[in-house]
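The file data_12.txt comes next; it holds compact mmCIF, C-alpha atoms.
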# COMPACT_ATOMS: atom_id res chain seq x y z
CA MET A 170 0.00 0.00 0.00
CA THR A 171 1.16 3.52 -0.65
CA HIS A 172 1.14 6.41 1.73
CA PRO A 173 1.03 10.19 1.06
CA SER A 174 4.54 10.83 2.34
CA PHE A 175 5.82 7.89 0.31
CA GLU A 176 4.03 9.24 -2.75
CA ALA A 177 5.69 12.62 -2.25
CA GLN A 178 9.04 10.79 -2.08
CA VAL A 179 8.40 9.05 -5.38
CA ASP A 180 7.38 12.37 -6.94
CA ALA A 181 10.52 14.04 -5.64
CA TYR A 182 12.53 11.09 -6.93
CA LEU A 183 11.04 11.42 -10.42
CA ASP A 184 11.60 15.18 -10.26
CA GLY A 185 15.29 14.57 -9.51
CA GLU A 186 14.86 16.35 -6.18
CA LEU A 187 15.51 13.47 -3.80
CA ALA A 188 18.85 13.29 -2.00
CA ALA A 189 21.10 10.55 -3.40
CA VAL A 190 20.92 8.45 -0.24
CA ASP A 191 17.12 8.54 -0.11
CA ALA A 192 16.97 7.85 -3.82
CA ARG A 193 19.07 4.70 -3.37
CA ASP A 194 16.81 3.48 -0.56
CA LEU A 195 13.77 4.17 -2.67
CA GLU A 196 15.20 2.31 -5.65
CA GLU A 197 15.93 -0.70 -3.45
CA HIS A 198 12.36 -0.64 -2.21
CA LEU A 199 10.93 -0.24 -5.72
CA ALA A 200 12.97 -3.21 -6.91
CA GLN A 201 11.05 -5.52 -4.57
CA CYS A 202 7.62 -3.89 -4.30
CA PRO A 203 5.38 -4.29 -7.34
CA GLU A 204 2.68 -2.06 -5.87
CA CYS A 205 5.00 0.89 -5.40
CA THR A 206 6.51 0.24 -8.81
CA ARG A 207 3.02 0.44 -10.25
CA PHE A 208 2.49 3.75 -8.48
CA ARG A 209 5.70 5.08 -9.99
CA ASP A 210 4.64 3.94 -13.45
CA GLU A 211 1.29 5.69 -13.05
CA ARG A 212 3.12 8.88 -12.22
CA LEU A 213 5.27 8.50 -15.34
CA THR A 214 2.12 8.08 -17.39
CA LEU A 215 0.61 11.13 -15.72
CA ARG A 216 3.72 13.09 -16.54
CA SER A 217 3.43 12.23 -20.24
CA ALA A 218 -0.26 13.18 -20.11
CA ILE A 219 0.65 16.55 -18.60
CA VAL A 220 3.36 17.14 -21.20
CA ALA A 221 0.92 16.26 -23.98
CA GLY A 222 -2.22 17.82 -22.55
CA ILE A 223 -1.36 21.04 -20.75
CA PRO A 224 -0.09 23.65 -23.18
CA LYS A 225 2.29 26.49 -22.61
CA PHE A 226 1.12 29.78 -24.06
CA LEU A 227 3.00 32.29 -26.16
CA ALA A 228 2.68 35.90 -25.09
CA PRO A 229 0.58 37.70 -27.71
CA ALA A 230 2.49 40.05 -30.01
CA SER A 231 0.53 43.00 -28.65
CA LEU A 232 1.70 42.22 -25.13
CA GLN A 233 5.31 41.86 -26.24
CA GLN A 234 5.15 45.19 -28.01
CA SER A 235 3.60 47.03 -25.11
CA VAL A 236 6.20 45.67 -22.70
CA HIS A 237 9.03 46.59 -25.07
CA ALA A 238 7.54 50.04 -25.49
CA ALA A 239 7.15 50.49 -21.73
CA ALA A 240 10.78 49.48 -21.16
CA ARG A 241 11.96 51.87 -23.84
CA SER A 242 9.91 54.80 -22.74
CA SER A 243 11.21 54.24 -19.25
CA ALA A 244 14.75 54.53 -20.60
CA ARG A 245 13.90 57.34 -22.99
CA ARG A 246 12.53 59.51 -20.25
CA ARG A 247 16.05 59.73 -18.92
CA PHE A 248 18.00 59.93 -22.16
CA SER A 249 15.51 61.86 -24.20
CA VAL A 250 15.58 61.46 -27.94
CA ARG A 251 14.44 64.46 -29.99
CA ASN A 252 10.69 64.52 -30.14
CA LEU A 253 10.68 64.58 -33.91
CA TRP A 254 12.59 61.34 -34.19
CA ARG A 255 10.70 59.54 -31.53
CA PRO A 256 7.79 58.14 -33.59
CA LEU A 257 10.16 57.18 -36.40
CA ALA A 258 12.58 55.46 -34.05
CA LEU A 259 9.74 53.64 -32.33
CA ALA A 260 8.28 52.47 -35.64
CA ALA A 261 11.70 51.33 -36.82
CA SER A 262 12.43 49.46 -33.60
CA LEU A 263 9.00 47.81 -33.64
CA ALA A 264 9.59 46.74 -37.24
CA VAL A 265 12.98 45.28 -36.32
CA VAL A 266 11.49 43.54 -33.30
CA ALA A 267 8.63 42.17 -35.39
CA LEU A 268 10.91 40.91 -38.15
CA GLY A 269 13.41 39.49 -35.68
CA SER A 270 10.82 37.65 -33.65
CA TRP A 271 9.19 36.34 -36.81
CA THR A 272 12.35 34.67 -38.13
CA LEU A 273 13.18 33.54 -34.62
CA ALA A 274 9.75 32.02 -34.24
CA LEU A 275 10.19 30.10 -37.49
CA GLN A 276 13.54 28.65 -36.42
CA ARG A 277 12.20 28.06 -32.99
CA SER A 278 9.16 26.09 -34.10
CA ALA A 279 11.26 23.65 -36.17
CA GLY A 280 13.67 23.28 -33.26
CA GLU A 281 10.79 23.03 -30.79
CA ALA A 282 9.12 20.22 -32.70
CA LEU A 283 12.36 18.25 -32.71
CA ALA A 284 13.03 19.05 -29.06
CA GLY A 285 9.50 17.86 -28.28
CA GLU A 286 10.13 14.55 -30.03
CA VAL A 287 13.44 14.04 -28.27
CA LEU A 288 11.83 14.83 -24.92
CA ALA A 289 8.90 12.48 -25.56
CA SER A 290 11.38 9.72 -26.38
CA HIS A 291 13.31 10.46 -23.21
CA ILE A 292 10.17 10.22 -21.08
CA ARG A 293 9.10 7.03 -22.83
CA SER A 294 12.54 5.56 -22.11
CA LEU A 295 12.02 6.09 -18.38
CA MET A 296 9.16 3.61 -18.32
CA PRO A 297 10.08 0.11 -17.24
CA GLY A 298 11.82 -1.94 -19.89
CA HIS A 299 12.14 0.92 -22.37
CA LEU A 300 15.49 2.35 -21.43
CA THR A 301 17.94 0.09 -23.22
CA ASP A 302 17.93 -2.50 -26.01
CA VAL A 303 21.48 -3.47 -25.23
CA LEU A 304 22.29 -3.37 -21.53
CA SER A 305 26.00 -3.03 -21.10
CA SER A 306 28.49 -0.71 -19.52
CA ASP A 307 31.10 -1.93 -21.97
CA GLN A 308 31.56 0.44 -24.88
CA HIS A 309 33.02 -2.44 -26.92
CA THR A 310 29.70 -4.25 -26.60
CA VAL A 311 27.46 -1.28 -27.24
CA LYS A 312 29.22 0.05 -30.32
CA PRO A 313 29.13 -3.21 -32.37
CA TRP A 314 25.50 -3.68 -31.33
CA PHE A 315 24.56 -0.69 -33.49
CA ASN A 316 26.34 -2.22 -36.50
CA GLY A 317 23.79 -3.78 -38.74
CA ARG A 318 20.98 -1.89 -37.07
CA LEU A 319 21.97 1.54 -38.33
CA ASP A 320 23.78 2.74 -41.43
CA PHE A 321 26.10 4.80 -39.29
CA SER A 322 28.32 3.89 -36.39
CA PRO A 323 28.27 6.36 -33.51
CA ALA A 324 31.32 6.64 -31.29
CA VAL A 325 30.64 5.16 -27.86
CA TYR A 326 32.52 6.25 -24.75
CA ASP A 327 32.28 5.24 -21.11
CA PHE A 328 32.72 7.99 -18.57
CA ALA A 329 32.34 5.77 -15.49
CA GLY A 330 35.70 7.02 -14.19
CA ARG A 331 34.24 10.52 -14.12
CA GLY A 332 30.92 9.60 -12.55
CA TYR A 333 28.85 9.13 -15.69
CA PRO A 334 28.73 5.36 -16.32
CA LEU A 335 27.51 4.05 -19.65
CA LEU A 336 24.34 2.01 -19.05
CA GLY A 337 23.63 0.84 -22.56
CA GLY A 338 22.11 1.85 -25.85
CA ARG A 339 18.95 1.58 -27.88
CA LEU A 340 17.46 2.40 -31.24
CA ASP A 341 14.88 5.10 -31.41
CA TYR A 342 13.01 7.00 -34.08
CA ILE A 343 13.18 10.76 -34.33
CA ASP A 344 11.39 12.52 -37.14
CA GLY A 345 10.71 9.17 -38.78
CA ARG A 346 14.31 7.97 -38.98
CA PRO A 347 16.27 5.54 -36.83
CA VAL A 348 18.76 7.19 -34.51
CA ALA A 349 21.24 5.89 -31.95
CA VAL A 350 20.59 6.56 -28.29
CA LEU A 351 23.34 6.11 -25.72
CA VAL A 352 22.20 5.88 -22.12
CA TYR A 353 24.30 7.19 -19.27
CA GLY A 354 23.67 7.39 -15.55
CA ARG A 355 24.52 10.05 -13.03
CA ARG A 356 23.50 9.12 -9.48
CA GLN A 357 19.77 8.44 -9.80
CA HIS A 358 19.46 10.44 -13.02
CA VAL A 359 19.24 9.01 -16.50
CA ILE A 360 20.90 10.82 -19.40
CA ASN A 361 19.83 10.01 -22.94
CA VAL A 362 22.21 10.98 -25.74
CA PHE A 363 20.61 11.04 -29.20
CA VAL A 364 23.03 10.84 -32.12
CA TRP A 365 22.53 10.91 -35.86
CA PRO A 366 24.64 12.00 -38.82
CA VAL A 367 24.44 15.68 -39.73
CA ALA A 368 23.77 15.13 -43.39
CA ARG A 369 20.80 12.90 -42.84
CA GLY A 370 18.29 14.68 -40.76
CA PRO A 371 16.91 17.82 -39.24
CA SER A 372 19.18 19.08 -36.54
CA GLY A 373 17.22 21.77 -34.75
CA GLY A 374 19.54 24.48 -36.04
CA GLY A 375 22.47 24.83 -33.64
CA LYS A 376 26.23 24.69 -34.11
CA GLY A 377 29.27 24.59 -31.86
CA GLU A 378 28.51 25.29 -28.19
CA PRO A 379 25.61 23.32 -26.71
CA LYS A 380 22.33 25.20 -26.65
CA THR A 381 20.14 24.64 -23.64
CA ARG A 382 16.38 24.40 -23.50
CA ASP A 383 14.16 23.64 -20.56
CA HIS A 384 10.99 21.68 -20.95
CA GLN A 385 8.79 20.53 -18.11
CA GLY A 386 11.68 20.24 -15.71
CA TYR A 387 13.98 18.49 -18.17
CA HIS A 388 17.03 20.06 -19.71
CA LEU A 389 17.84 19.53 -23.37
CA LEU A 390 21.30 20.28 -24.75
CA HIS A 391 21.89 20.37 -28.44
CA TRP A 392 24.96 20.82 -30.63
CA MET A 393 26.49 19.58 -33.85
CA SER A 394 29.93 18.16 -34.48
CA PRO A 395 31.24 18.12 -38.05
CA ASP A 396 29.68 14.68 -38.49
CA TYR A 397 26.91 14.24 -35.95
CA THR A 398 23.93 15.96 -34.46
CA TYR A 399 23.68 15.56 -30.70
CA TRP A 400 20.74 15.96 -28.36
CA VAL A 401 21.28 15.30 -24.66
CA VAL A 402 18.27 15.09 -22.32
CA SER A 403 18.05 14.64 -18.59
CA ASP A 404 16.49 15.95 -15.42
CA LEU A 405 20.02 16.30 -14.07
CA GLY A 406 21.05 19.82 -13.02
CA VAL A 407 21.99 21.91 -16.00
CA ALA A 408 25.54 22.62 -14.78
CA GLU A 409 26.38 18.92 -14.51
CA LEU A 410 24.69 18.22 -17.80
CA ARG A 411 26.88 20.85 -19.48
CA ASP A 412 29.99 19.22 -17.96
CA PHE A 413 28.84 15.93 -19.39
CA ALA A 414 28.23 17.50 -22.81
CA HIS A 415 31.72 18.97 -22.81
CA MET A 416 33.21 15.56 -21.99
CA LEU A 417 31.31 14.12 -24.90
CA GLN A 418 32.40 16.92 -27.22
CA GLN A 419 36.03 16.48 -26.19
CA ALA A 420 35.94 12.74 -26.69
CA ASP A 421 34.24 13.21 -30.02
CA SER A 422 36.68 15.81 -31.30
CA THR A 423 39.73 13.67 -30.46
CA ALA A 424 38.36 10.60 -32.18
CA THR A 425 38.52 10.10 -35.89
CA VAL A 426 35.00 9.42 -36.99
CA THR A 427 34.38 7.70 -40.26
CA LEU A 428 31.03 7.28 -41.89
CA PRO A 429 30.62 4.04 -43.79
CA GLY A 430 30.34 4.86 -47.46
CA MET B 638 14.29 59.36 -7.12
CA ARG B 639 15.21 58.13 -10.57
CA SER B 640 12.58 58.24 -13.24
CA GLY B 641 13.83 55.48 -15.52
CA LEU B 642 16.47 53.00 -16.51
CA GLU B 643 19.89 53.83 -17.86
CA SER B 644 20.26 52.57 -21.39
CA SER B 645 22.69 49.87 -20.25
CA GLU B 646 20.06 48.81 -17.73
CA LEU B 647 17.45 48.76 -20.49
CA ALA B 648 19.65 46.41 -22.49
CA ARG B 649 20.08 44.24 -19.41
CA PHE B 650 16.33 44.24 -18.74
CA GLU B 651 15.60 43.26 -22.32
CA SER B 652 18.12 40.43 -22.31
CA VAL B 653 17.41 39.13 -18.79
CA VAL B 654 13.67 39.53 -18.29
CA LEU B 655 11.98 39.66 -21.67
CA PRO B 656 13.02 36.12 -22.72
CA HIS B 657 10.69 34.92 -19.95
CA LEU B 658 7.64 36.73 -21.24
CA ASP B 659 6.07 33.51 -22.53
CA ALA B 660 6.66 31.86 -19.16
CA ALA B 661 5.14 34.88 -17.42
CA TYR B 662 2.11 34.82 -19.69
CA THR B 663 1.64 31.07 -19.27
CA LEU B 664 1.63 31.37 -15.48
CA ALA B 665 -0.76 34.32 -15.66
CA ARG B 666 -3.09 32.39 -17.96
CA TYR B 667 -3.33 29.49 -15.52
CA LEU B 668 -3.67 31.72 -12.47
CA THR B 669 -6.34 34.01 -13.93
CA ARG B 670 -7.89 31.45 -16.30
CA ASN B 671 -8.72 34.38 -18.52
CA VAL B 672 -6.95 35.76 -21.61
CA HIS B 673 -7.53 39.45 -20.91
CA ASP B 674 -6.75 39.31 -17.22
CA ALA B 675 -3.58 37.39 -18.05
CA GLU B 676 -2.39 40.15 -20.38
CA ASP B 677 -3.18 42.82 -17.79
CA VAL B 678 -1.36 40.90 -15.08
CA VAL B 679 1.77 40.39 -17.20
CA GLN B 680 1.79 44.02 -18.25
CA ASP B 681 1.43 45.24 -14.66
CA ALA B 682 4.05 42.74 -13.54
CA CYS B 683 6.53 43.94 -16.16
CA LEU B 684 6.03 47.53 -15.08
CA ARG B 685 6.76 46.49 -11.52
CA ALA B 686 9.75 44.49 -12.73
CA LEU B 687 11.07 47.59 -14.52
CA LYS B 688 10.63 49.62 -11.38
CA TYR B 689 12.51 47.19 -9.17
CA PHE B 690 14.95 45.97 -11.79
CA GLU B 691 17.91 47.89 -10.46
CA SER B 692 17.64 45.95 -7.22
CA PHE B 693 17.68 42.66 -9.12
CA ARG B 694 21.19 41.31 -9.41
CA GLY B 695 20.61 37.68 -10.31
CA GLU B 696 22.88 36.41 -13.02
CA GLU B 697 21.60 32.92 -13.75
CA GLU B 698 18.88 32.81 -16.36
CA THR B 699 16.69 30.57 -14.22
CA SER B 700 16.76 32.95 -11.30
CA ALA B 701 15.60 35.77 -13.59
CA ARG B 702 12.66 33.58 -14.57
CA ALA B 703 11.83 32.78 -10.94
CA TRP B 704 12.13 36.48 -10.11
CA LEU B 705 9.73 37.53 -12.86
CA LEU B 706 7.30 34.71 -12.04
CA THR B 707 7.26 35.80 -8.40
CA ILE B 708 6.18 39.27 -9.49
CA VAL B 709 3.58 37.82 -11.89
CA ARG B 710 2.13 35.63 -9.17
CA ASN B 711 1.97 38.46 -6.62
CA THR B 712 0.42 40.77 -9.19
CA ALA B 713 -2.22 38.20 -10.04
CA TYR B 714 -3.16 37.58 -6.42
CA SER B 715 -2.99 41.20 -5.28
CA ALA B 716 -5.34 42.19 -8.08
CA GLY B 717 -7.68 39.45 -6.90
CA ARG B 718 -7.56 38.06 -10.41
CA GLY B 719 -5.85 34.86 -9.41
CA GLN B 720 -8.86 33.97 -7.31
CA ARG B 721 -11.56 34.71 -9.82
CA GLY B 722 -13.66 31.62 -10.06
CA GLN B 723 -16.12 30.64 -12.69
CA ASP B 724 -15.20 32.56 -15.83
CA ALA B 725 -12.78 30.06 -17.28
CA THR B 726 -12.35 30.63 -20.97
CA GLU B 727 -12.19 28.02 -23.66
CA PHE B 728 -8.90 26.97 -25.21
CA ASP B 729 -7.46 29.39 -27.68
CA GLU B 730 -5.82 27.15 -30.27
CA THR B 731 -3.95 29.98 -31.95
CA GLN B 732 -1.94 30.62 -28.84
CA HIS B 733 -0.74 27.13 -28.12
CA SER B 734 2.98 26.68 -28.16
CA GLY B 735 4.67 25.32 -31.25
CA ALA B 736 5.39 22.00 -29.61
CA VAL B 737 1.70 21.32 -29.32
CA ALA B 738 0.67 22.87 -32.61
CA ASP B 739 3.24 20.93 -34.63
CA GLU B 740 1.97 17.57 -33.52
CA HIS B 741 0.88 15.08 -36.15
CA PRO B 742 -2.87 15.26 -36.71
CA GLU B 743 -3.46 11.60 -35.81
CA ALA B 744 -1.57 11.89 -32.56
CA ALA B 745 -3.41 15.11 -31.79
CA LEU B 746 -6.75 13.39 -32.35
CA LEU B 747 -5.78 10.48 -30.13
CA ARG B 748 -4.72 12.83 -27.40
CA ALA B 749 -7.60 15.27 -27.64
CA ASP B 750 -9.70 13.46 -25.05
CA ALA B 751 -6.97 13.14 -22.46
CA ARG B 752 -5.91 16.72 -23.07
CA GLU B 753 -9.34 18.12 -22.53
CA SER B 754 -9.87 16.30 -19.29
CA ILE B 755 -6.43 16.94 -17.82
CA GLY B 756 -6.64 20.59 -18.86
CA ARG B 757 -10.00 20.90 -17.15
CA ALA B 758 -8.77 19.00 -14.10
CA LEU B 759 -5.93 21.50 -13.77
CA GLU B 760 -8.32 24.45 -14.00
CA ARG B 761 -10.45 22.96 -11.25
CA LEU B 762 -7.55 22.61 -8.82
CA ALA B 763 -7.31 25.12 -5.99
CA PRO B 764 -4.83 27.92 -6.86
CA GLU B 765 -2.11 26.69 -4.49
CA PHE B 766 -2.15 23.29 -6.20
CA ARG B 767 -2.57 24.66 -9.71
CA GLU B 768 0.41 26.99 -9.38
CA VAL B 769 2.87 24.31 -8.26
CA ILE B 770 1.93 22.11 -11.22
CA VAL B 771 2.40 25.01 -13.65
CA LEU B 772 5.68 26.09 -12.05
CA ARG B 773 7.10 22.58 -12.04
CA GLU B 774 5.72 20.91 -15.15
CA LEU B 775 5.43 23.87 -17.51
CA GLU B 776 8.06 26.29 -16.25
CA GLY B 777 10.54 23.64 -15.11
CA LEU B 778 11.40 25.32 -11.81
CA SER B 779 13.26 23.42 -9.08
CA TYR B 780 11.57 22.87 -5.70
CA LYS B 781 13.79 25.59 -4.26
CA GLU B 782 12.74 28.07 -6.94
CA ILE B 783 9.07 27.17 -6.48
CA SER B 784 9.55 27.73 -2.77
CA ASP B 785 10.98 31.20 -3.52
CA VAL B 786 8.16 32.08 -5.90
CA THR B 787 5.31 30.90 -3.68
CA GLY B 788 6.85 31.83 -0.34
CA VAL B 789 6.31 28.43 1.29
CA PRO B 790 8.98 25.98 2.54
CA VAL B 791 10.44 23.36 0.18
CA GLY B 792 8.75 20.59 2.16
CA THR B 793 5.37 22.21 1.55
CA VAL B 794 6.17 22.52 -2.16
CA MET B 795 6.94 18.80 -2.22
CA SER B 796 3.71 17.75 -0.50
CA ARG B 797 1.52 20.17 -2.48
CA LEU B 798 2.99 18.98 -5.74
CA SER B 799 2.32 15.38 -4.77
CA ARG B 800 -1.26 16.09 -3.71
CA ALA B 801 -1.87 18.10 -6.88
CA ARG B 802 -0.63 15.20 -8.98
CA ALA B 803 -2.80 12.76 -7.06
CA ARG B 804 -5.84 14.89 -7.95
CA LEU B 805 -4.89 15.13 -11.60
CA GLN B 806 -4.39 11.38 -11.62
CA GLU B 807 -7.87 10.82 -10.18
CA ALA B 808 -9.29 12.99 -12.93
CA LEU B 809 -7.63 10.83 -15.57
CA THR B 810 -8.92 7.51 -14.33

Represent the structure from my file as structure tokens, please.
Amino acid sequence: MTHPSFEAQVDAYLDGELAAVDARDLEEHLAQCPECTRFRDERLTLRSAIVAGIPKFLAPASLQQSVHAAARSSARRRFSVRNLWRPLALAASLAVVALGSWTLALQRSAGEALAGEVLASHIRSLMPGHLTDVLSSDQHTVKPWFNGRLDFSPAVYDFAGRGYPLLGGRLDYIDGRPVAVLVYGRRQHVINVFVWPVARGPSGGGKGEPKTRDHQGYHLLHWMSPDYTYWVVSDLGVAELRDFAHMLQQADSTATVTLPG
Amino acid sequence: MRSGLESSELARFESVVLPHLDAAYTLARYLTRNVHDAEDVVQDACLRALKYFESFRGEEETSARAWLLTIVRNTAYSAGRGQRGQDATEFDETQHSGAVADEHPEAALLRADARESIGRALERLAPEFREVIVLRELEGLSYKEISDVTGVPVGTVMSRLSRARARLQEALT
């Protein structure tokens, strides 16, 4: 049977807010209690339902403009522009803002759709039995496993020595194409790393340094190497996730990656 | 007393606070449950934010979001608009975020039922439960940040969030 304080513990655990010691105790308990495991699974389902069913809203353009205008007039009162130029300058800045936010919105919606898919896949992977197809902390087992299942061969590294053990890998589908997913652990957190070749698919439009997004309490990091597109998702703190991304980038840049012809 | 921001402060305001306008509007929408009230609340909140901006020295992006959301929440409640009861408006499809709007039509159809009921269940929750769900699930705030925004201890955030989820779960089954 479950109990309110226990339920709050499971929620905090799934939110990544439980102390490591408590999380370990909870995991041990979950491993031997089907009823509590079922409760956890219900909460995972609820979480997907919330992600799918409760929308975020975009501030209307009129609101954005009035806030911009208020901010500017607040500044202008101090550093006054000549009255004559004021309407012109305002019109010009509104036009720039409108154009800028329009192109941004276009890029953002393509990136958002992809980010949404990656996040949905991450959440799905947290349900029992969905995390890994090949369960191994040995990179020499995981890498060959992808051979024959994908037409590219992602580099696989184990960062166990630095606190991010490789847990395994799986195939997933993003935007209708098979992609490689490498699964890493960090304390009680799961990190999914999505990899696919740059030339093959949509990438979400980012280069070089990882770009961070936050969705429903998860952090998504995205970047592109010369050969691969990377998406990293976890509920781990964003600072640690960035460290992890940099490790991955370093490892990737020192390896020679070849795409099978 | 100063009458406005220095231009460097304006640039800082625009880069630190304005990126969170969608988050501010989303919170206001769920607190007021009304499109027009939500716009008024965000506008008032931004004016307050401008006024107090010089005292804000947070550097992390997330703390700027929590700071703005705190002002939005206080504005909504002080105007009594967060409490307003029965005038919930229908969904405005044009204002859904891209992530929802870009969904495949079949998936959207399959999900329409669940969405309607969980959306309605959220609207029916008492404000103190509704706000923790929005702050956690939609805005992605940590328990500590939610505690800062709502002014209750972290332990209370944890138990409210759990009770709120239990109620949403009941609504789904």

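Between chain B and the candidates A:His358, A:His391, A:Arg318, A:Arg212, the tightest atom-to-atom separation, counting only C-alpha atoms, involves A:Arg212.
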
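Here CA of Ser652 (chain B) and CA of Ser394 (chain A) stand 28.0 Å from one another.
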
Return the neighbours of chain B among the residues of chain A, cut-off 8 Å, counting only C-alpha atoms, as a PDB file with C-alpha atoms, keeping the file's coordinate frame.
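Writing the result to result_25.pdb gives the following:
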ATOM      1  CA  PRO A 173       1.030  10.190   1.060  1.00  0.00           C
ATOM      2  CA  SER A 174       4.540  10.830   2.340  1.00  0.00           C
ATOM      3  CA  GLU A 176       4.030   9.240  -2.750  1.00  0.00           C
ATOM      4  CA  ALA A 177       5.690  12.620  -2.250  1.00  0.00           C
ATOM      5  CA  ASP A 180       7.380  12.370  -6.940  1.00  0.00           C
ATOM      6  CA  ALA A 181      10.520  14.040  -5.640  1.00  0.00           C
ATOM      7  CA  GLU A 186      14.860  16.350  -6.180  1.00  0.00           C
ATOM      8  CA  ARG A 212       3.120   8.880 -12.220  1.00  0.00           C
ATOM      9  CA  LEU A 215       0.610  11.130 -15.720  1.00  0.00           C
ATOM     10  CA  ALA A 218      -0.260  13.180 -20.110  1.00  0.00           C
ATOM     11  CA  ILE A 219       0.650  16.550 -18.600  1.00  0.00           C
ATOM     12  CA  VAL A 220       3.360  17.140 -21.200  1.00  0.00           C
ATOM     13  CA  ALA A 221       0.920  16.260 -23.980  1.00  0.00           C
ATOM     14  CA  GLY A 222      -2.220  17.820 -22.550  1.00  0.00           C
ATOM     15  CA  ILE A 223      -1.360  21.040 -20.750  1.00  0.00           C
ATOM     16  CA  PRO A 224      -0.090  23.650 -23.180  1.00  0.00           C
ATOM     17  CA  LYS A 225       2.290  26.490 -22.610  1.00  0.00           C
ATOM     18  CA  PHE A 226       1.120  29.780 -24.060  1.00  0.00           C
ATOM     19  CA  LEU A 227       3.000  32.290 -26.160  1.00  0.00           C
ATOM     20  CA  ALA A 228       2.680  35.900 -25.090  1.00  0.00           C
ATOM     21  CA  PRO A 229       0.580  37.700 -27.710  1.00  0.00           C
ATOM     22  CA  LEU A 232       1.700  42.220 -25.130  1.00  0.00           C
ATOM     23  CA  GLN A 233       5.310  41.860 -26.240  1.00  0.00           C
ATOM     24  CA  SER A 235       3.600  47.030 -25.110  1.00  0.00           C
ATOM     25  CA  VAL A 236       6.200  45.670 -22.700  1.00  0.00           C
ATOM     26  CA  HIS A 237       9.030  46.590 -25.070  1.00  0.00           C
ATOM     27  CA  ALA A 239       7.150  50.490 -21.730  1.00  0.00           C
ATOM     28  CA  ALA A 240      10.780  49.480 -21.160  1.00  0.00           C
ATOM     29  CA  ARG A 241      11.960  51.870 -23.840  1.00  0.00           C
ATOM     30  CA  SER A 243      11.210  54.240 -19.250  1.00  0.00           C
ATOM     31  CA  ALA A 244      14.750  54.530 -20.600  1.00  0.00           C
ATOM     32  CA  ARG A 245      13.900  57.340 -22.990  1.00  0.00           C
ATOM     33  CA  ARG A 246      12.530  59.510 -20.250  1.00  0.00           C
ATOM     34  CA  ARG A 247      16.050  59.730 -18.920  1.00  0.00           C
ATOM     35  CA  PHE A 248      18.000  59.930 -22.160  1.00  0.00           C
ATOM     36  CA  SER A 278       9.160  26.090 -34.100  1.00  0.00           C
ATOM     37  CA  GLU A 281      10.790  23.030 -30.790  1.00  0.00           C
ATOM     38  CA  ALA A 282       9.120  20.220 -32.700  1.00  0.00           C
ATOM     39  CA  GLY A 285       9.500  17.860 -28.280  1.00  0.00           C
ATOM     40  CA  ASP A 383      14.160  23.640 -20.560  1.00  0.00           C
ATOM     41  CA  HIS A 384      10.990  21.680 -20.950  1.00  0.00           C
ATOM     42  CA  GLN A 385       8.790  20.530 -18.110  1.00  0.00           C
ATOM     43  CA  GLY A 386      11.680  20.240 -15.710  1.00  0.00           C
ATOM     44  CA  TYR A 387      13.980  18.490 -18.170  1.00  0.00           C
TER      45      TYR A 387
END

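Using all atoms listed in the file, the nearest neighbour of Thr707 (chain B) within the list B:Val769, B:Val653, B:Ile783, B:Val678 is B:Ile783.
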
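Across the structure, CA of Tyr353 (chain A) and CA of Cys205 (chain A) are spaced 24.6 Å apart.
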
Pairwise distance for CA of Gln418 (chain A) and CA of Trp314 (chain A), rounded to one decimal in Å: 22.1 Å

Residues within 8 Å of (22.8, 11.2, -31.4), counting all atoms listed in the file, listed as JSON, numbers by chain: {"A": [323, 348, 349, 350, 351, 362, 363, 364, 365, 366, 397, 398, 399, 400]}
